[in-house]
Amino acid sequence: MKTYYNSEDLKKFGNIGEFSKELADKFFDYYGSVFKEGALTAREKALVALGVAHAIQCPYCIDAYTKDTLEKGCTEEQLMEAVHVSGAIRGGASLVHGVQMMNHTKKIMM
Amino acid sequence: MKSLKAQAHHLSNSAAQLKVLNEGSFEQFSQKLKAINLFPLKPTRIQTFQVNLGKMCNQACKHCHVDAGPDRKEIMTKETMQQCIDILAHYDIGTIDMTGGAPEMNPNFRWFVEEASELGKHIIDRCNLTIILANKKYHDLPEFFAKHKVEVVSSLPHYTSTRTDRQRGSGVFDRSIKALQMLNSVGYGKEGTDLQLNLVYNPTGAILPSSQKTLESDYKKELKNRFGIEFNSLFTITNMPISRFLDYLLVSDNYDEYMQKLVDAFNPSAAEGVMCRNTLSIGWDGTIYDCDFNQMLDMKVNSTSTHISEFNLESLENRNIAVDQHCYGCTAGLGSSCGGQTA
Ligand code: SF4
Ligand code: SF4
């Protein structure tokens with residue numbers, strides 16, 4: 001079956017260097033540094049990544065960071081809470097625009 | 001849950017397991033060792049005797065590499081145990097590590113511990129915790145262990161009951177907690193005593209363990225806050241792709257990805273520190289193996305000395321360790337051994 005997403009492609013992420021090595025090298029170097037233990041622990045960063053993965057709905061990132069957070073010792077509850085944080089921000093981001101809608105409504109209506 | 005053997009499952013046969021492990025297109029483990037000049041793999045010095053007292057166990061965990069359980073009857077005889085003691089008395093091998101099954105179910109377990117203790121050996125018991133509560137006759141094990149300063153190493157795959165019970169059986173977590181409290185109450189795991197209580201984390205699924213240090217601090221915090229439990233160290237152990245865990249990987253369609261992950265995570269410094277380099281494993285029938293995993297795969301040692309009755313330390317210390325694809329489990333990431341991370 002042909003699909004737009006193929007889970008096998010995740011393993012080939014590194015191949016993006018094939019068409020532009022310099023930029024890929026820079027990206028992966030940066031990526032590696034971002035996820036190192038820092039002011040945030042590697043586990044906290046993985047949970048942020050899992051939340052973002054859900055916000056941007058990237059199936060590759062969801063698979064990768066589900067596994068990563070579990071390997072880093074997170075519980076199922078923690079994973080789901082991260083997804084809810086993502087959902088809350090996404091929902092909130094839509095709803096807060098309701099103020100704009102109200103402002104505009106009030107402006108153009110008697 | 002029945003053992004694979006009792007189910008007459010095809011994977012209860014070690015040759016069938018080795019066939020699966022060698023079918024994929026994964027690079028041969030021996031090639032990886034060759035590339036870092038570690039092949040043939042040689043022992044450093046034998047410091048530990050790991051003795052498998054039998055496959056009988058009061059539990060039947062889903063990931064068990066021994067395929068142990070209440071339906072397994074293989075058990076080490078007193079005669080074979082005596083042969084182990086004679087060897088330990090004769091050679092400078094400092095540690096005896098007792099495993100199983102549930103080693104305490106061997107009728108001569110206490111005698112064996114007493115003999116090893118008299119020789120002044122460091123004794124490790126791989127205790128599944130629930131055995132302490134399984135029958136009245138085991139309730140005083142904590143006192144017995146304390147008397148002989150036995151180091152207790154116990155699996156607790158997670159500090160939450162859901163994860164532990166999913167792997168080890170319903171109700172195991174609560175009983176393990178109770179047993180840990182009993183061990184604490186005789187001084188195990190407490191500061192200021194020399195009674196070592198170490199816990200083992202192994203992943204409850206097709207994932208690798210991560211940093212031992214981070215998980216240890218989580219375990220310490222959670223177990224202390226929720227149950228008042230203290231322990232010394234946490235050992236993180238990778239699940240080996242053999243026996244029941246291999247079956248799980250195949251049935252859940254995780255095998256290829258898991259193996260690939262182990263292969264990709266090959267770590268040369270973990271390879272340097274694999275436990276077969278300083279340990280010998282003795283099967284319930286006295287056969288000698290490189291490790292408990294090779295034992296379960298019926299891969300005997302490459303030596304003229306393959307049974308405890310014909311023990312020859314020189315030949316064993318000069319042997320080539322028998323390796324196969326399952327060995328990737330010991331060398332992935334931060335490494336894995338019965339004592340936790342190796343790299
Ligand atoms: S307690 Fe240990 S030996 Fe017994 S079934 Fe579980 S993993 Fe296997
Ligand atoms: S599985 Fe056994 S023989 Fe292979 S590396 Fe691990 S300890 Fe050594």
# chains A, B, ... in the order shown; residues from 1 in each chain; ligands from 1
call {"tool": "closest_atom_pairs", "arguments": {"of": "chain A", "to": "chain B", "cutoff": "7 Å", "atoms": "only C-alpha atoms", "output": "tab-separated table"}}
result
residue	atom	partner	partner_atom	distance
A:Lys67	CA	B:Ile207	CA	6.9
A:Glu71	CA	B:Pro209	CA	5.6
A:Lys72	CA	B:Ser210	CA	5.4
A:Gly73	CA	B:Leu215	CA	6.5
call {"tool": "residues_around", "arguments": {"residues": "His148 of chain B", "least_positions_apart": "2", "cutoff": "12 Å", "atoms": "only C-alpha atoms", "output": "list in words"}}
result
Arg110, Trp111, Phe112, Val113, Glu114, Glu115, Ala116, Ser117, Glu118, Leu119, Gly120, Lys121, His122, Ile123, Ile124, Asp125, Leu141, Pro142, Glu143, Phe144, Phe145, Ala146, Val150, Glu151, Val152, Asp194, Leu195 and Gln196 of chain B
call {"tool": "write_last_selection", "arguments": {"atoms": "N, CA and C atoms", "output": "JSON list (two decimals), in the first residue's frame"}}
result
[["chain", "number", "residue", "atom", "x", "y", "z"],
["B", 110, "ARG", "N", 20.17, -23.51, 51.75],
["B", 110, "ARG", "CA", 20.76, -22.94, 52.98],
["B", 110, "ARG", "C", 22.09, -23.59, 53.31],
["B", 111, "TRP", "N", 22.13, -24.88, 53.10],
["B", 111, "TRP", "CA", 23.39, -25.59, 53.34],
["B", 111, "TRP", "C", 24.49, -25.01, 52.44],
["B", 112, "PHE", "N", 24.14, -24.78, 51.20],
["B", 112, "PHE", "CA", 25.09, -24.26, 50.21],
["B", 112, "PHE", "C", 25.61, -22.88, 50.64],
["B", 113, "VAL", "N", 24.70, -22.03, 51.08],
["B", 113, "VAL", "CA", 25.09, -20.69, 51.54],
["B", 113, "VAL", "C", 26.02, -20.82, 52.75],
["B", 114, "GLU", "N", 25.66, -21.70, 53.67],
["B", 114, "GLU", "CA", 26.48, -21.86, 54.88],
["B", 114, "GLU", "C", 27.90, -22.31, 54.51],
["B", 115, "GLU", "N", 27.99, -23.25, 53.58],
["B", 115, "GLU", "CA", 29.32, -23.75, 53.17],
["B", 115, "GLU", "C", 30.14, -22.63, 52.52],
["B", 116, "ALA", "N", 29.50, -21.89, 51.63],
["B", 116, "ALA", "CA", 30.20, -20.80, 50.94],
["B", 116, "ALA", "C", 30.61, -19.72, 51.93],
["B", 117, "SER", "N", 29.76, -19.50, 52.91],
["B", 117, "SER", "CA", 30.02, -18.49, 53.92],
["B", 117, "SER", "C", 31.23, -18.92, 54.77],
["B", 118, "GLU", "N", 31.29, -20.20, 55.07],
["B", 118, "GLU", "CA", 32.41, -20.71, 55.85],
["B", 118, "GLU", "C", 33.74, -20.52, 55.12],
["B", 119, "LEU", "N", 33.67, -20.57, 53.80],
["B", 119, "LEU", "CA", 34.89, -20.37, 53.00],
["B", 119, "LEU", "C", 35.25, -18.88, 52.90],
["B", 120, "GLY", "N", 34.39, -18.04, 53.44],
["B", 120, "GLY", "CA", 34.66, -16.59, 53.41],
["B", 120, "GLY", "C", 34.40, -15.96, 52.06],
["B", 121, "LYS", "N", 33.59, -16.61, 51.24],
["B", 121, "LYS", "CA", 33.31, -16.05, 49.90],
["B", 121, "LYS", "C", 32.26, -14.94, 50.00],
["B", 122, "HIS", "N", 32.32, -14.05, 49.03],
["B", 122, "HIS", "CA", 31.26, -13.06, 48.91],
["B", 122, "HIS", "C", 30.08, -13.76, 48.23],
["B", 123, "ILE", "N", 28.93, -13.75, 48.87],
["B", 123, "ILE", "CA", 27.78, -14.49, 48.35],
["B", 123, "ILE", "C", 26.73, -13.51, 47.82],
["B", 124, "ILE", "N", 26.27, -13.79, 46.61],
["B", 124, "ILE", "CA", 25.17, -13.01, 46.04],
["B", 124, "ILE", "C", 23.99, -13.95, 45.87],
["B", 125, "ASP", "N", 22.82, -13.52, 46.28],
["B", 125, "ASP", "CA", 21.62, -14.31, 45.99],
["B", 125, "ASP", "C", 20.70, -13.47, 45.11],
["B", 141, "LEU", "N", 13.96, -15.86, 55.58],
["B", 141, "LEU", "CA", 15.12, -15.68, 54.69],
["B", 141, "LEU", "C", 15.88, -14.37, 54.96],
["B", 142, "PRO", "N", 15.18, -13.25, 55.21],
["B", 142, "PRO", "CA", 15.95, -12.03, 55.48],
["B", 142, "PRO", "C", 16.96, -12.20, 56.62],
["B", 143, "GLU", "N", 16.55, -12.85, 57.70],
["B", 143, "GLU", "CA", 17.47, -13.06, 58.84],
["B", 143, "GLU", "C", 18.60, -14.00, 58.43],
["B", 144, "PHE", "N", 18.24, -15.03, 57.66],
["B", 144, "PHE", "CA", 19.25, -15.98, 57.21],
["B", 144, "PHE", "C", 20.29, -15.28, 56.32],
["B", 145, "PHE", "N", 19.80, -14.47, 55.39],
["B", 145, "PHE", "CA", 20.71, -13.72, 54.51],
["B", 145, "PHE", "C", 21.62, -12.83, 55.35],
["B", 146, "ALA", "N", 21.02, -12.15, 56.31],
["B", 146, "ALA", "CA", 21.80, -11.20, 57.13],
["B", 146, "ALA", "C", 22.89, -11.93, 57.89],
["B", 150, "VAL", "N", 24.85, -12.13, 53.01],
["B", 150, "VAL", "CA", 24.58, -12.37, 51.59],
["B", 150, "VAL", "C", 24.16, -11.05, 50.94],
["B", 151, "GLU", "N", 24.75, -10.74, 49.80],
["B", 151, "GLU", "CA", 24.29, -9.58, 49.03],
["B", 151, "GLU", "C", 23.02, -10.01, 48.30],
["B", 152, "VAL", "N", 21.96, -9.26, 48.51],
["B", 152, "VAL", "CA", 20.69, -9.61, 47.86],
["B", 152, "VAL", "C", 20.48, -8.72, 46.64],
["B", 194, "ASP", "N", 26.41, -3.34, 56.62],
["B", 194, "ASP", "CA", 27.09, -3.85, 55.43],
["B", 194, "ASP", "C", 26.20, -4.87, 54.71],
["B", 195, "LEU", "N", 24.90, -4.74, 54.91],
["B", 195, "LEU", "CA", 23.98, -5.66, 54.26],
["B", 195, "LEU", "C", 23.49, -5.02, 52.96],
["B", 196, "GLN", "N", 24.03, -5.52, 51.86],
["B", 196, "GLN", "CA", 23.77, -4.92, 50.54],
["B", 196, "GLN", "C", 22.47, -5.41, 49.94]]
call {"tool": "closest_atom_pairs", "arguments": {"of": "chain B", "to": "ligand 1", "cutoff": "6 Å", "atoms": "only C-alpha atoms and all ligand atoms", "output": "JSON lines"}}
result
{"residue": "B:Cys57", "atom": "CA", "partner": "ligand 1", "partner_atom_place_in_ligand_line": "4 (Fe)", "distance": 4.8}
{"residue": "B:Gln59", "atom": "CA", "partner": "ligand 1", "partner_atom_place_in_ligand_line": "5 (S)", "distance": 4.7}
{"residue": "B:Ala60", "atom": "CA", "partner": "ligand 1", "partner_atom_place_in_ligand_line": "5 (S)", "distance": 3.8}
{"residue": "B:Cys61", "atom": "CA", "partner": "ligand 1", "partner_atom_place_in_ligand_line": "6 (Fe)", "distance": 4.1}
{"residue": "B:Cys64", "atom": "CA", "partner": "ligand 1", "partner_atom_place_in_ligand_line": "8 (Fe)", "distance": 4.2}
{"residue": "B:Val66", "atom": "CA", "partner": "ligand 1", "partner_atom_place_in_ligand_line": "8 (Fe)", "distance": 5.8}
{"residue": "B:Ala68", "atom": "CA", "partner": "ligand 1", "partner_atom_place_in_ligand_line": "5 (S)", "distance": 4.7}
{"residue": "B:Gly69", "atom": "CA", "partner": "ligand 1", "partner_atom_place_in_ligand_line": "5 (S)", "distance": 5.3}
{"residue": "B:Gly100", "atom": "CA", "partner": "ligand 1", "partner_atom_place_in_ligand_line": "3 (S)", "distance": 5.4}
{"residue": "B:Gly101", "atom": "CA", "partner": "ligand 1", "partner_atom_place_in_ligand_line": "3 (S)", "distance": 3.7}
{"residue": "B:Ala102", "atom": "CA", "partner": "ligand 1", "partner_atom_place_in_ligand_line": "3 (S)", "distance": 5.7}
{"residue": "B:Asn128", "atom": "CA", "partner": "ligand 1", "partner_atom_place_in_ligand_line": "1 (S)", "distance": 4.8}
call {"tool": "write_last_selection", "arguments": {"atoms": "N, CA, C and O atoms", "output": "PDB file, in the first residue's frame"}}
result
ATOM      1  N   CYS B  57      10.732 -22.015  39.791  1.00  0.00           N
ATOM      2  CA  CYS B  57      10.500 -20.673  40.310  1.00  0.00           C
ATOM      3  C   CYS B  57       9.037 -20.556  40.711  1.00  0.00           C
ATOM      4  O   CYS B  57       8.170 -21.176  40.091  1.00  0.00           O
ATOM      5  N   GLN B  59       7.491 -17.834  40.363  1.00  0.00           N
ATOM      6  CA  GLN B  59       6.934 -16.890  39.390  1.00  0.00           C
ATOM      7  C   GLN B  59       7.120 -17.441  37.976  1.00  0.00           C
ATOM      8  O   GLN B  59       7.837 -18.419  37.769  1.00  0.00           O
ATOM      9  N   ALA B  60       6.500 -16.760  37.038  1.00  0.00           N
ATOM     10  CA  ALA B  60       6.696 -17.112  35.621  1.00  0.00           C
ATOM     11  C   ALA B  60       6.641 -15.796  34.838  1.00  0.00           C
ATOM     12  O   ALA B  60       5.638 -15.482  34.209  1.00  0.00           O
ATOM     13  N   CYS B  61       7.729 -15.039  34.929  1.00  0.00           N
ATOM     14  CA  CYS B  61       7.733 -13.702  34.315  1.00  0.00           C
ATOM     15  C   CYS B  61       7.777 -13.793  32.797  1.00  0.00           C
ATOM     16  O   CYS B  61       8.388 -14.699  32.240  1.00  0.00           O
ATOM     17  N   CYS B  64      11.350 -13.886  31.074  1.00  0.00           N
ATOM     18  CA  CYS B  64      12.381 -14.721  31.710  1.00  0.00           C
ATOM     19  C   CYS B  64      13.285 -15.435  30.694  1.00  0.00           C
ATOM     20  O   CYS B  64      12.810 -16.206  29.863  1.00  0.00           O
ATOM     21  N   VAL B  66      15.385 -17.669  31.416  1.00  0.00           N
ATOM     22  CA  VAL B  66      15.610 -19.040  31.885  1.00  0.00           C
ATOM     23  C   VAL B  66      14.426 -19.938  31.500  1.00  0.00           C
ATOM     24  O   VAL B  66      14.519 -21.149  31.509  1.00  0.00           O
ATOM     25  N   ALA B  68      11.921 -20.100  33.329  1.00  0.00           N
ATOM     26  CA  ALA B  68      11.668 -20.702  34.643  1.00  0.00           C
ATOM     27  C   ALA B  68      10.187 -20.633  34.990  1.00  0.00           C
ATOM     28  O   ALA B  68       9.415 -19.923  34.352  1.00  0.00           O
ATOM     29  N   GLY B  69       9.817 -21.376  36.009  1.00  0.00           N
ATOM     30  CA  GLY B  69       8.437 -21.327  36.471  1.00  0.00           C
ATOM     31  C   GLY B  69       8.124 -22.491  37.391  1.00  0.00           C
ATOM     32  O   GLY B  69       8.967 -23.380  37.587  1.00  0.00           O
ATOM     33  N   GLY B 100      18.752 -18.695  39.558  1.00  0.00           N
ATOM     34  CA  GLY B 100      17.835 -19.775  39.220  1.00  0.00           C
ATOM     35  C   GLY B 100      17.037 -19.387  37.994  1.00  0.00           C
ATOM     36  O   GLY B 100      17.547 -18.669  37.134  1.00  0.00           O
ATOM     37  N   GLY B 101      15.791 -19.721  37.981  1.00  0.00           N
ATOM     38  CA  GLY B 101      14.763 -19.966  38.950  1.00  0.00           C
ATOM     39  C   GLY B 101      14.872 -19.149  40.241  1.00  0.00           C
ATOM     40  O   GLY B 101      15.521 -18.130  40.303  1.00  0.00           O
ATOM     41  N   ALA B 102      14.167 -19.672  41.216  1.00  0.00           N
ATOM     42  CA  ALA B 102      14.288 -19.110  42.552  1.00  0.00           C
ATOM     43  C   ALA B 102      15.284 -20.000  43.295  1.00  0.00           C
ATOM     44  O   ALA B 102      14.936 -21.120  43.675  1.00  0.00           O
ATOM     45  N   ASN B 128      14.011 -13.258  43.998  1.00  0.00           N
ATOM     46  CA  ASN B 128      12.900 -12.595  43.288  1.00  0.00           C
ATOM     47  C   ASN B 128      11.938 -11.877  44.246  1.00  0.00           C
ATOM     48  O   ASN B 128      10.890 -11.410  43.825  1.00  0.00           O
TER      49      ASN B 128
END
call {"tool": "select_by_dssp", "arguments": {"residues": "segment 36-78 of chain A", "states": "helix (DSSP H, G or I)", "output": "number ranges by chain"}}
result
A: 42-55, 59-71, 76-78
call {"tool": "write_last_selection", "arguments": {"atoms": "N, CA and C atoms", "output": "PDB file, in the first residue's frame"}}
result
ATOM      1  N   ALA A  42      18.030  15.622  30.136  1.00  0.00           N
ATOM      2  CA  ALA A  42      17.754  14.979  28.848  1.00  0.00           C
ATOM      3  C   ALA A  42      16.315  14.451  28.843  1.00  0.00           C
ATOM      4  N   ARG A  43      15.848  14.007  30.004  1.00  0.00           N
ATOM      5  CA  ARG A  43      14.490  13.473  30.077  1.00  0.00           C
ATOM      6  C   ARG A  43      13.442  14.588  29.911  1.00  0.00           C
ATOM      7  N   GLU A  44      13.686  15.732  30.546  1.00  0.00           N
ATOM      8  CA  GLU A  44      12.746  16.856  30.389  1.00  0.00           C
ATOM      9  C   GLU A  44      12.677  17.286  28.923  1.00  0.00           C
ATOM     10  N   LYS A  45      13.844  17.313  28.282  1.00  0.00           N
ATOM     11  CA  LYS A  45      13.869  17.701  26.866  1.00  0.00           C
ATOM     12  C   LYS A  45      13.099  16.697  26.014  1.00  0.00           C
ATOM     13  N   ALA A  46      13.234  15.420  26.345  1.00  0.00           N
ATOM     14  CA  ALA A  46      12.517  14.394  25.567  1.00  0.00           C
ATOM     15  C   ALA A  46      11.004  14.561  25.740  1.00  0.00           C
ATOM     16  N   LEU A  47      10.561  14.935  26.936  1.00  0.00           N
ATOM     17  CA  LEU A  47       9.117  15.147  27.163  1.00  0.00           C
ATOM     18  C   LEU A  47       8.619  16.378  26.403  1.00  0.00           C
ATOM     19  N   VAL A  48       9.454  17.437  26.368  1.00  0.00           N
ATOM     20  CA  VAL A  48       9.075  18.618  25.583  1.00  0.00           C
ATOM     21  C   VAL A  48       8.949  18.189  24.116  1.00  0.00           C
ATOM     22  N   ALA A  49       9.934  17.405  23.643  1.00  0.00           N
ATOM     23  CA  ALA A  49       9.927  16.961  22.244  1.00  0.00           C
ATOM     24  C   ALA A  49       8.666  16.140  21.949  1.00  0.00           C
ATOM     25  N   LEU A  50       8.265  15.310  22.904  1.00  0.00           N
ATOM     26  CA  LEU A  50       7.060  14.491  22.693  1.00  0.00           C
ATOM     27  C   LEU A  50       5.823  15.389  22.571  1.00  0.00           C
ATOM     28  N   GLY A  51       5.757  16.403  23.422  1.00  0.00           N
ATOM     29  CA  GLY A  51       4.630  17.333  23.358  1.00  0.00           C
ATOM     30  C   GLY A  51       4.607  18.075  22.026  1.00  0.00           C
ATOM     31  N   VAL A  52       5.763  18.567  21.614  1.00  0.00           N
ATOM     32  CA  VAL A  52       5.845  19.297  20.342  1.00  0.00           C
ATOM     33  C   VAL A  52       5.481  18.360  19.186  1.00  0.00           C
ATOM     34  N   ALA A  53       5.970  17.126  19.268  1.00  0.00           N
ATOM     35  CA  ALA A  53       5.687  16.149  18.206  1.00  0.00           C
ATOM     36  C   ALA A  53       4.184  16.017  18.001  1.00  0.00           C
ATOM     37  N   HIS A  54       3.429  16.055  19.097  1.00  0.00           N
ATOM     38  CA  HIS A  54       1.965  15.953  18.982  1.00  0.00           C
ATOM     39  C   HIS A  54       1.360  17.237  18.449  1.00  0.00           C
ATOM     40  N   ALA A  55       1.957  18.365  18.835  1.00  0.00           N
ATOM     41  CA  ALA A  55       1.423  19.639  18.353  1.00  0.00           C
ATOM     42  C   ALA A  55       1.601  19.753  16.839  1.00  0.00           C
ATOM     43  N   PRO A  59       4.362  11.968  12.752  1.00  0.00           N
ATOM     44  CA  PRO A  59       4.365  10.572  13.180  1.00  0.00           C
ATOM     45  C   PRO A  59       5.762  10.029  13.471  1.00  0.00           C
ATOM     46  N   TYR A  60       6.750  10.526  12.734  1.00  0.00           N
ATOM     47  CA  TYR A  60       8.124  10.058  13.009  1.00  0.00           C
ATOM     48  C   TYR A  60       8.553  10.492  14.407  1.00  0.00           C
ATOM     49  N   CYS A  61       8.314  11.771  14.706  1.00  0.00           N
ATOM     50  CA  CYS A  61       8.736  12.298  16.013  1.00  0.00           C
ATOM     51  C   CYS A  61       7.937  11.631  17.134  1.00  0.00           C
ATOM     52  N   ILE A  62       6.662  11.340  16.867  1.00  0.00           N
ATOM     53  CA  ILE A  62       5.854  10.687  17.915  1.00  0.00           C
ATOM     54  C   ILE A  62       6.445   9.317  18.239  1.00  0.00           C
ATOM     55  N   ASP A  63       6.753   8.519  17.219  1.00  0.00           N
ATOM     56  CA  ASP A  63       7.371   7.202  17.458  1.00  0.00           C
ATOM     57  C   ASP A  63       8.698   7.368  18.192  1.00  0.00           C
ATOM     58  N   ALA A  64       9.516   8.267  17.668  1.00  0.00           N
ATOM     59  CA  ALA A  64      10.873   8.402  18.211  1.00  0.00           C
ATOM     60  C   ALA A  64      10.848   8.858  19.669  1.00  0.00           C
ATOM     61  N   TYR A  65       9.992   9.832  19.983  1.00  0.00           N
ATOM     62  CA  TYR A  65      10.029  10.355  21.353  1.00  0.00           C
ATOM     63  C   TYR A  65       9.144   9.590  22.320  1.00  0.00           C
ATOM     64  N   THR A  66       8.250   8.758  21.807  1.00  0.00           N
ATOM     65  CA  THR A  66       7.552   7.823  22.696  1.00  0.00           C
ATOM     66  C   THR A  66       8.590   6.850  23.240  1.00  0.00           C
ATOM     67  N   LYS A  67       9.365   6.294  22.322  1.00  0.00           N
ATOM     68  CA  LYS A  67      10.391   5.337  22.725  1.00  0.00           C
ATOM     69  C   LYS A  67      11.432   6.011  23.616  1.00  0.00           C
ATOM     70  N   ASP A  68      11.864   7.188  23.215  1.00  0.00           N
ATOM     71  CA  ASP A  68      12.921   7.866  23.959  1.00  0.00           C
ATOM     72  C   ASP A  68      12.488   8.190  25.394  1.00  0.00           C
ATOM     73  N   THR A  69      11.261   8.712  25.544  1.00  0.00           N
ATOM     74  CA  THR A  69      10.816   9.058  26.897  1.00  0.00           C
ATOM     75  C   THR A  69      10.658   7.792  27.750  1.00  0.00           C
ATOM     76  N   LEU A  70      10.142   6.704  27.136  1.00  0.00           N
ATOM     77  CA  LEU A  70      10.016   5.451  27.898  1.00  0.00           C
ATOM     78  C   LEU A  70      11.395   4.943  28.307  1.00  0.00           C
ATOM     79  N   GLU A  71      12.337   4.995  27.369  1.00  0.00           N
ATOM     80  CA  GLU A  71      13.688   4.535  27.701  1.00  0.00           C
ATOM     81  C   GLU A  71      14.320   5.407  28.783  1.00  0.00           C
ATOM     82  N   GLU A  76       3.871   5.947  31.674  1.00  0.00           N
ATOM     83  CA  GLU A  76       2.809   6.175  30.695  1.00  0.00           C
ATOM     84  C   GLU A  76       2.027   7.442  31.055  1.00  0.00           C
ATOM     85  N   GLU A  77       1.814   7.654  32.364  1.00  0.00           N
ATOM     86  CA  GLU A  77       1.077   8.839  32.815  1.00  0.00           C
ATOM     87  C   GLU A  77       1.818  10.113  32.409  1.00  0.00           C
ATOM     88  N   GLN A  78       3.133  10.087  32.562  1.00  0.00           N
ATOM     89  CA  GLN A  78       3.913  11.284  32.203  1.00  0.00           C
ATOM     90  C   GLN A  78       3.832  11.560  30.701  1.00  0.00           C
TER      91      GLN A  78
END
call {"tool": "residues_near_ligand", "arguments": {"ligand": "ligand 2", "cutoff": "7 Å", "atoms": "only C-alpha atoms and all ligand atoms", "output": "PyMOL selection string"}}
result
chain B and resi 274-276+290-294+321-324+326-331+337
call {"tool": "atom_distance", "arguments": {"atom1": "atom CA of Gln31 of chain B", "atom2": "atom CA of Gly335 of chain B"}}
result
18.1 Å
call {"tool": "closest_residue", "arguments": {"among": "B:Ala16, B:Ala8, B:Leu53, B:Leu313", "to": "Phe109 of chain B", "atoms": "only C-alpha atoms"}}
result
B:Leu53
call {"tool": "residues_around", "arguments": {"residues": "Thr342 of chain B", "least_positions_apart": "2", "cutoff": "6 Å", "atoms": "only C-alpha atoms", "output": "list in words"}}
result
Ala270, Gly273, Gly335 and Ser336 of chain B
call {"tool": "residues_around", "arguments": {"residues": "Leu197 of chain B", "least_positions_apart": "3", "cutoff": "10 Å", "atoms": "only C-alpha atoms", "output": "short mmCIF file (atom, residue, chain, number, x, y, z; two decimals) with C-alpha atoms, in the first residue's frame"}}
result
data_model
loop_
_atom_site.label_atom_id
_atom_site.label_comp_id
_atom_site.auth_asym_id
_atom_site.auth_seq_id
_atom_site.Cartn_x
_atom_site.Cartn_y
_atom_site.Cartn_z
CA ILE B 124 25.17 -13.01 46.04
CA VAL B 150 24.58 -12.37 51.59
CA GLU B 151 24.29 -9.58 49.03
CA VAL B 152 20.69 -9.61 47.86
CA VAL B 153 20.03 -8.64 44.26
CA SER B 154 16.37 -8.39 43.35
CA LEU B 180 11.68 -5.29 50.60
CA LEU B 183 14.70 -6.96 54.22
CA ASN B 184 14.97 -3.34 55.36
CA GLY B 187 19.10 -3.86 58.16
CA TYR B 188 19.33 -4.54 54.42
CA GLY B 189 19.87 -1.47 52.27
CA LYS B 190 20.24 0.76 55.31
CA ASP B 194 27.09 -3.85 55.43
CA GLU B 230 15.76 1.95 51.12
CA PHE B 231 18.28 0.11 48.98
CA ASN B 232 21.90 0.46 47.91
CA SER B 233 22.20 0.50 44.12
CA LEU B 234 20.08 0.00 41.06
#
call {"tool": "residues_around", "arguments": {"residues": "Arg72 of chain B", "least_positions_apart": "6", "cutoff": "10 Å", "atoms": "only C-alpha atoms", "output": "list in words"}}
result
Lys2, Ser3, Lys5, Ala6, Gly54, Lys55, Met56, Cys57, Asn58 and Gly101 of chain B
call {"tool": "write_last_selection", "arguments": {"atoms": "N, CA, C and O atoms", "output": "PDB file, in the first residue's frame"}}
result
ATOM      1  N   LYS B   2       2.381 -20.622  31.612  1.00  0.00           N
ATOM      2  CA  LYS B   2       3.209 -21.836  31.552  1.00  0.00           C
ATOM      3  C   LYS B   2       4.548 -21.511  30.919  1.00  0.00           C
ATOM      4  O   LYS B   2       4.647 -20.592  30.095  1.00  0.00           O
ATOM      5  N   SER B   3       5.563 -22.299  31.246  1.00  0.00           N
ATOM      6  CA  SER B   3       6.863 -22.109  30.594  1.00  0.00           C
ATOM      7  C   SER B   3       6.736 -22.517  29.128  1.00  0.00           C
ATOM      8  O   SER B   3       5.820 -23.253  28.755  1.00  0.00           O
ATOM      9  N   LYS B   5       8.605 -24.473  27.718  1.00  0.00           N
ATOM     10  CA  LYS B   5       8.835 -25.930  27.690  1.00  0.00           C
ATOM     11  C   LYS B   5       7.526 -26.676  27.918  1.00  0.00           C
ATOM     12  O   LYS B   5       7.207 -27.624  27.192  1.00  0.00           O
ATOM     13  N   ALA B   6       6.766 -26.243  28.934  1.00  0.00           N
ATOM     14  CA  ALA B   6       5.502 -26.935  29.240  1.00  0.00           C
ATOM     15  C   ALA B   6       4.484 -26.769  28.108  1.00  0.00           C
ATOM     16  O   ALA B   6       3.617 -27.614  27.919  1.00  0.00           O
ATOM     17  N   GLY B  54      18.706 -24.120  39.753  1.00  0.00           N
ATOM     18  CA  GLY B  54      17.557 -24.853  39.207  1.00  0.00           C
ATOM     19  C   GLY B  54      16.602 -23.929  38.497  1.00  0.00           C
ATOM     20  O   GLY B  54      16.643 -22.708  38.690  1.00  0.00           O
ATOM     21  N   LYS B  55      15.770 -24.500  37.676  1.00  0.00           N
ATOM     22  CA  LYS B  55      14.861 -23.673  36.869  1.00  0.00           C
ATOM     23  C   LYS B  55      13.501 -23.487  37.524  1.00  0.00           C
ATOM     24  O   LYS B  55      12.632 -22.819  36.988  1.00  0.00           O
ATOM     25  N   MET B  56      13.335 -24.112  38.686  1.00  0.00           N
ATOM     26  CA  MET B  56      12.050 -23.991  39.368  1.00  0.00           C
ATOM     27  C   MET B  56      11.911 -22.581  39.956  1.00  0.00           C
ATOM     28  O   MET B  56      12.860 -22.038  40.517  1.00  0.00           O
ATOM     29  N   CYS B  57      10.732 -22.015  39.791  1.00  0.00           N
ATOM     30  CA  CYS B  57      10.500 -20.673  40.310  1.00  0.00           C
ATOM     31  C   CYS B  57       9.037 -20.556  40.711  1.00  0.00           C
ATOM     32  O   CYS B  57       8.170 -21.176  40.091  1.00  0.00           O
ATOM     33  N   ASN B  58       8.768 -19.738  41.732  1.00  0.00           N
ATOM     34  CA  ASN B  58       7.368 -19.507  42.128  1.00  0.00           C
ATOM     35  C   ASN B  58       6.698 -18.515  41.190  1.00  0.00           C
ATOM     36  O   ASN B  58       5.490 -18.359  41.217  1.00  0.00           O
ATOM     37  N   GLY B 101      15.791 -19.721  37.981  1.00  0.00           N
ATOM     38  CA  GLY B 101      14.763 -19.966  38.950  1.00  0.00           C
ATOM     39  C   GLY B 101      14.872 -19.149  40.241  1.00  0.00           C
ATOM     40  O   GLY B 101      15.521 -18.130  40.303  1.00  0.00           O
TER      41      GLY B 101
END
